[in-house]
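Please read the structure below before turning to the comments.
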Amino acid sequence: MSIACFFDKPLLKPQTQISKSDNSITLSYKEDSFSITPEDKSLESIVMFLDSLNGKNTITQIASNIGYSDQEVIEYINILDEELLILEGNDEFKNAISGKNLILKIEEYVQRWTNQKGVDPFNKLVKNNEATKSLLVGFALEYFYVTKRAFTTLMPSTMFQLSPQIKQELREFAMEEFNHDRIMVKALESVGISKEDAYNHIPLPSTAALINLLNFWSHHDPLSYMASLFIFEEASDGNEYLESLKMYDLPENYIKPMYDHSDVNEDGDHGAISRNLLKHVEYVSLDDQKRVIKNMKLLINTVYAFYDDLVDKYYENEDLPVRLAN
């Protein structure tokens, strides 16, 4: 099976330092480093591979120049991409960048912001197997609200004069998100929260804030909306959260819908949604870049506030009160 590549002409980030020892190569970028110890390639060919990532060569040209197969080149580029070391080399603007490089820049910012903030209190409890049943179910209740609203917040973004490719990606994503709330509500019903109460539940302020940000950007700022989606979709993978469910006395009818929802997201590669959308944007001005990056920092701060609120509200609340409008 062939491996996909996000890049047309990959560029190793210009500030990357390359150092070579007897049996490995180390790439250093800002405060991060990544070591390569090849098993079936020579160090010299790895250096040639890195030198070829100059933003001018296609995948096929790189492979031909160094004697690798196309799939080997793509595999190695994807590894470097996971380490946030690759840009798209096609940009030839003075101050603007492509949508591809905008999302790559945002991914780096998001990683650095989250590294600075550290693990939030909710995920810290989950990772340490210290989360209470009420906290896990409270998370599901709040996340259900986000899932319920996802489709309606998405649709306004399709009304902008965007490229046909972007509109098609948004519509396909919308259809994959449609009715996810029906999967999630089954989990809530299995722990004593009625369908009616789940749909009438008043969310925590920070939960509402997350949706309000998405809704505003979908109506007024499609760049910020498209850039934000991967943050939500990566969070919804919830591997540690899902694994933690096995540690608690929760019914199978609660656990299965959680996995079903995660499987839908994984099968649809929803974590790549922002890349799939923004790769079709040819030009992003400096002012647009600054605005979108500022908005993504606001979103990350709101996500952390969401996790803080979860712990404050649900950690020691075994009764799981559902707040209703009436």
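Ordered as shown in the structure tokens, chains take letters A, B, and onward, while each chain numbers its residues from 1 and ligands are numbered from 1 in the order shown.
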Let's see if you can do this: from backbone DSSP, list all helix (DSSP H, G or I) residues in segment 190-260 of chain A, as a ChimeraX atom specification. /A:190,195-200,205-220,222-237,239-245,252-260
Proximity check segment 137-231 of chain A to segment 89-100 of chain A, 12 Å, nearest pairs one decimal Å, only C-alpha atoms, as a Markdown table:
```
| residue | atom | partner | partner_atom | distance |
| --- | --- | --- | --- | --- |
| A:Ile166 | CA | A:Gly99 | CA | 11.5 |
| A:Leu223 | CA | A:Gly99 | CA | 8.9 |
| A:Ser224 | CA | A:Gly99 | CA | 11.3 |
| A:Met226 | CA | A:Gly99 | CA | 10.2 |
| A:Ala227 | CA | A:Gly99 | CA | 9.4 |
```
Residues near Pro38 of chain A, anyone? I mean within 12 Å using only C-alpha atoms, not counting same-chain ones fewer than 6 positions away, as a PDB file with N, CA, C and O atoms, in the first residue's frame.
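Final output, saved to around-v4.pdb:
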```pdb
ATOM      1  N   ASP A  22      29.641   9.091  14.550  1.00  0.00           N
ATOM      2  CA  ASP A  22      30.080   7.873  13.866  1.00  0.00           C
ATOM      3  C   ASP A  22      28.928   7.009  13.367  1.00  0.00           C
ATOM      4  O   ASP A  22      29.043   6.346  12.340  1.00  0.00           O
ATOM      5  N   ASN A  23      27.811   7.006  14.107  1.00  0.00           N
ATOM      6  CA  ASN A  23      26.718   6.100  13.726  1.00  0.00           C
ATOM      7  C   ASN A  23      25.341   6.746  13.701  1.00  0.00           C
ATOM      8  O   ASN A  23      24.337   6.060  13.574  1.00  0.00           O
ATOM      9  N   SER A  24      25.276   8.061  13.837  1.00  0.00           N
ATOM     10  CA  SER A  24      23.963   8.721  13.833  1.00  0.00           C
ATOM     11  C   SER A  24      24.082  10.158  13.341  1.00  0.00           C
ATOM     12  O   SER A  24      25.179  10.724  13.269  1.00  0.00           O
ATOM     13  N   ILE A  25      22.929  10.706  13.020  1.00  0.00           N
ATOM     14  CA  ILE A  25      22.803  12.104  12.615  1.00  0.00           C
ATOM     15  C   ILE A  25      21.767  12.752  13.511  1.00  0.00           C
ATOM     16  O   ILE A  25      20.686  12.183  13.732  1.00  0.00           O
ATOM     17  N   THR A  26      22.068  13.912  14.028  1.00  0.00           N
ATOM     18  CA  THR A  26      21.145  14.620  14.908  1.00  0.00           C
ATOM     19  C   THR A  26      20.697  15.919  14.249  1.00  0.00           C
ATOM     20  O   THR A  26      21.521  16.703  13.772  1.00  0.00           O
ATOM     21  N   GLU A  44      26.027   8.606   4.782  1.00  0.00           N
ATOM     22  CA  GLU A  44      26.258   9.518   3.656  1.00  0.00           C
ATOM     23  C   GLU A  44      24.977   9.712   2.832  1.00  0.00           C
ATOM     24  O   GLU A  44      24.669  10.828   2.400  1.00  0.00           O
ATOM     25  N   SER A  45      24.232   8.624   2.639  1.00  0.00           N
ATOM     26  CA  SER A  45      22.996   8.751   1.850  1.00  0.00           C
ATOM     27  C   SER A  45      21.937   9.521   2.628  1.00  0.00           C
ATOM     28  O   SER A  45      21.137  10.248   2.032  1.00  0.00           O
ATOM     29  N   ILE A  46      21.934   9.386   3.959  1.00  0.00           N
ATOM     30  CA  ILE A  46      20.999  10.156   4.775  1.00  0.00           C
ATOM     31  C   ILE A  46      21.326  11.646   4.682  1.00  0.00           C
ATOM     32  O   ILE A  46      20.428  12.497   4.570  1.00  0.00           O
ATOM     33  N   VAL A  47      22.618  11.970   4.719  1.00  0.00           N
ATOM     34  CA  VAL A  47      23.021  13.371   4.567  1.00  0.00           C
ATOM     35  C   VAL A  47      22.599  13.897   3.197  1.00  0.00           C
ATOM     36  O   VAL A  47      22.099  15.024   3.077  1.00  0.00           O
ATOM     37  N   TYR A  76      10.375   8.653   5.020  1.00  0.00           N
ATOM     38  CA  TYR A  76      11.331   9.434   5.811  1.00  0.00           C
ATOM     39  C   TYR A  76      10.858  10.879   5.975  1.00  0.00           C
ATOM     40  O   TYR A  76      11.051  11.485   7.036  1.00  0.00           O
TER      41      TYR A  76
END
```
Which neighbours of segment 68-73 of chain A fall inside 8 Å, counting only C-alpha atoms, when residues of the same chain fewer than 4 positions from it are skipped, and could you give them as an NGL selection string? :A and (2-3 or 59-60 or 62-64 or 77)
Just the strand (DSSP E or B) stuff from segment 16-133 of chain A, please, per backbone DSSP, written as a list in words. Gln17, Ile18, Ser19, Lys20, Ile25, Thr26, Leu27, Ser28, Tyr29, Asp32, Ser33, Phe34, Ser35, Ile36, Asn54, Ile86, Leu87, Glu88 and Ile97 of chain A
So that each row is one residue of segment 150-201 of chain A with an atom at most 9 Å from segment 276-280 of chain A, can you give its shortest atom pair and the distance in Å to one decimal, using only C-alpha atoms, rows by chain and rising number, as a tab-separated table?
```
residue	atom	partner	partner_atom	distance
A:Ser163	CA	A:His280	CA	7.4
A:Gln165	CA	A:His280	CA	6.8
A:Ile166	CA	A:Leu277	CA	5.5
A:Lys167	CA	A:Leu277	CA	8.7
A:Glu169	CA	A:Leu277	CA	6.5
A:Leu170	CA	A:Leu277	CA	7.6
```
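The shortest atom-to-atom distance to Leu27 of chain A, with only C-alpha atoms taken into account, belongs to A:Leu84 out of A:Leu242, A:Leu84, A:Ile300, A:Ile66.
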Write out as a PDB file with N, CA and C atoms, in the first residue's frame the residues lying within 8 Å of Lys256 of chain A, counting only C-alpha atoms and excluding same-chain residues fewer than 4 positions away.
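Everything below was put into result.pdb:
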```pdb
ATOM      1  N   ALA A 187     -24.197   6.356  24.980  1.00  0.00           N
ATOM      2  CA  ALA A 187     -23.306   6.176  26.124  1.00  0.00           C
ATOM      3  C   ALA A 187     -23.883   6.848  27.357  1.00  0.00           C
ATOM      4  N   GLU A 252     -20.735  -1.717  29.339  1.00  0.00           N
ATOM      5  CA  GLU A 252     -20.236  -1.863  27.971  1.00  0.00           C
ATOM      6  C   GLU A 252     -20.974  -0.921  27.023  1.00  0.00           C
ATOM      7  N   ASP A 260     -16.794   3.687  19.095  1.00  0.00           N
ATOM      8  CA  ASP A 260     -17.406   3.844  17.766  1.00  0.00           C
ATOM      9  C   ASP A 260     -17.160   5.244  17.224  1.00  0.00           C
TER      10      ASP A 260
END
```
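Relative to atom CA of Ala131 of chain A, atom CA of Lys195 of chain A is found at 24.5 Å.
Around Leu229 of chain A, within 9 Å and counting only C-alpha atoms, the residues found are Leu214, Ser224, Glu234, His270, Gly271, Ala272, Ile273 and Ser274 of chain A, once anything fewer than 5 positions away on its own chain is removed.
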Expected file contents, prior selection, all heavy atoms, as a PDB file, in the first residue's frame:
```
ATOM      1  N   LEU A 214     -15.870  28.420  17.488  1.00  0.00           N
ATOM      2  CA  LEU A 214     -16.063  27.736  16.206  1.00  0.00           C
ATOM      3  C   LEU A 214     -17.173  28.390  15.391  1.00  0.00           C
ATOM      4  O   LEU A 214     -17.038  28.598  14.185  1.00  0.00           O
ATOM      5  CB  LEU A 214     -16.413  26.263  16.451  1.00  0.00           C
ATOM      6  CG  LEU A 214     -15.271  25.272  16.641  1.00  0.00           C
ATOM      7  CD1 LEU A 214     -15.832  23.871  16.797  1.00  0.00           C
ATOM      8  CD2 LEU A 214     -14.288  25.321  15.493  1.00  0.00           C
ATOM      9  N   SER A 224      -9.476  30.869  10.097  1.00  0.00           N
ATOM     10  CA  SER A 224      -9.348  30.449  11.496  1.00  0.00           C
ATOM     11  C   SER A 224     -10.176  29.199  11.764  1.00  0.00           C
ATOM     12  O   SER A 224      -9.752  28.311  12.512  1.00  0.00           O
ATOM     13  CB  SER A 224      -9.786  31.580  12.440  1.00  0.00           C
ATOM     14  OG  SER A 224      -8.875  32.650  12.399  1.00  0.00           O
ATOM     15  N   GLU A 234      -8.030  16.027  16.831  1.00  0.00           N
ATOM     16  CA  GLU A 234      -6.981  15.273  17.514  1.00  0.00           C
ATOM     17  C   GLU A 234      -7.361  15.002  18.957  1.00  0.00           C
ATOM     18  O   GLU A 234      -7.107  13.925  19.488  1.00  0.00           O
ATOM     19  CB  GLU A 234      -5.649  16.038  17.449  1.00  0.00           C
ATOM     20  CG  GLU A 234      -4.999  15.976  16.074  1.00  0.00           C
ATOM     21  CD  GLU A 234      -3.613  16.564  16.074  1.00  0.00           C
ATOM     22  OE1 GLU A 234      -3.241  17.248  17.038  1.00  0.00           O
ATOM     23  OE2 GLU A 234      -2.896  16.340  15.080  1.00  0.00           O
ATOM     24  N   HIS A 270      -9.734  12.365  10.453  1.00  0.00           N
ATOM     25  CA  HIS A 270     -10.173  13.707  10.819  1.00  0.00           C
ATOM     26  C   HIS A 270      -9.068  14.549  11.443  1.00  0.00           C
ATOM     27  O   HIS A 270      -9.139  15.778  11.421  1.00  0.00           O
ATOM     28  CB  HIS A 270     -11.375  13.617  11.766  1.00  0.00           C
ATOM     29  CG  HIS A 270     -12.639  13.213  11.071  1.00  0.00           C
ATOM     30  ND1 HIS A 270     -13.882  13.254  11.672  1.00  0.00           N
ATOM     31  CD2 HIS A 270     -12.853  12.761   9.811  1.00  0.00           C
ATOM     32  CE1 HIS A 270     -14.797  12.838  10.813  1.00  0.00           C
ATOM     33  NE2 HIS A 270     -14.197  12.529   9.691  1.00  0.00           N
ATOM     34  N   GLY A 271      -8.032  13.894  11.976  1.00  0.00           N
ATOM     35  CA  GLY A 271      -6.925  14.661  12.524  1.00  0.00           C
ATOM     36  C   GLY A 271      -6.185  15.472  11.473  1.00  0.00           C
ATOM     37  O   GLY A 271      -5.497  16.441  11.799  1.00  0.00           O
ATOM     38  N   ALA A 272      -6.349  15.085  10.194  1.00  0.00           N
ATOM     39  CA  ALA A 272      -5.690  15.790   9.085  1.00  0.00           C
ATOM     40  C   ALA A 272      -6.617  16.780   8.406  1.00  0.00           C
ATOM     41  O   ALA A 272      -6.269  17.333   7.353  1.00  0.00           O
ATOM     42  CB  ALA A 272      -5.172  14.772   8.062  1.00  0.00           C
ATOM     43  N   ILE A 273      -7.786  17.046   8.984  1.00  0.00           N
ATOM     44  CA  ILE A 273      -8.779  17.871   8.296  1.00  0.00           C
ATOM     45  C   ILE A 273      -8.263  19.273   7.995  1.00  0.00           C
ATOM     46  O   ILE A 273      -8.491  19.815   6.906  1.00  0.00           O
ATOM     47  CB  ILE A 273     -10.114  17.933   9.099  1.00  0.00           C
ATOM     48  CG1 ILE A 273     -11.169  18.766   8.369  1.00  0.00           C
ATOM     49  CG2 ILE A 273      -9.885  18.450  10.520  1.00  0.00           C
ATOM     50  CD1 ILE A 273     -11.544  18.241   6.997  1.00  0.00           C
ATOM     51  N   SER A 274      -7.541  19.898   8.931  1.00  0.00           N
ATOM     52  CA  SER A 274      -7.046  21.256   8.676  1.00  0.00           C
ATOM     53  C   SER A 274      -6.040  21.265   7.526  1.00  0.00           C
ATOM     54  O   SER A 274      -6.041  22.162   6.679  1.00  0.00           O
ATOM     55  CB  SER A 274      -6.410  21.839   9.937  1.00  0.00           C
ATOM     56  OG  SER A 274      -7.381  22.053  10.939  1.00  0.00           O
TER      57      SER A 274
END
```
Need to verify the contact set: Ser244 of chain A, 12 Å, only C-alpha atoms, exclusion of same-chain residues closer than 3 positions in sequence. Can you return it as a PyMOL selection string? chain A and resi 122-133+135-137+238-241+247-250+255+258
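Among the candidates A:Pro251, A:Gly138, A:Pro14, A:Gly118, the one nearest to Tyr314 of chain A when counting only C-alpha atoms is A:Gly138.
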Could you check which of A:Asn54, A:Gln61, A:Leu85, A:Leu245 is closest to Lys30 of chain A, using only C-alpha atoms? A:Leu85
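Remark: for Val110 of chain A, the closest of the candidate residues A:Phe230, A:Phe49, A:Tyr307, A:Tyr143 is A:Phe230 (distances computed over only C-alpha atoms).
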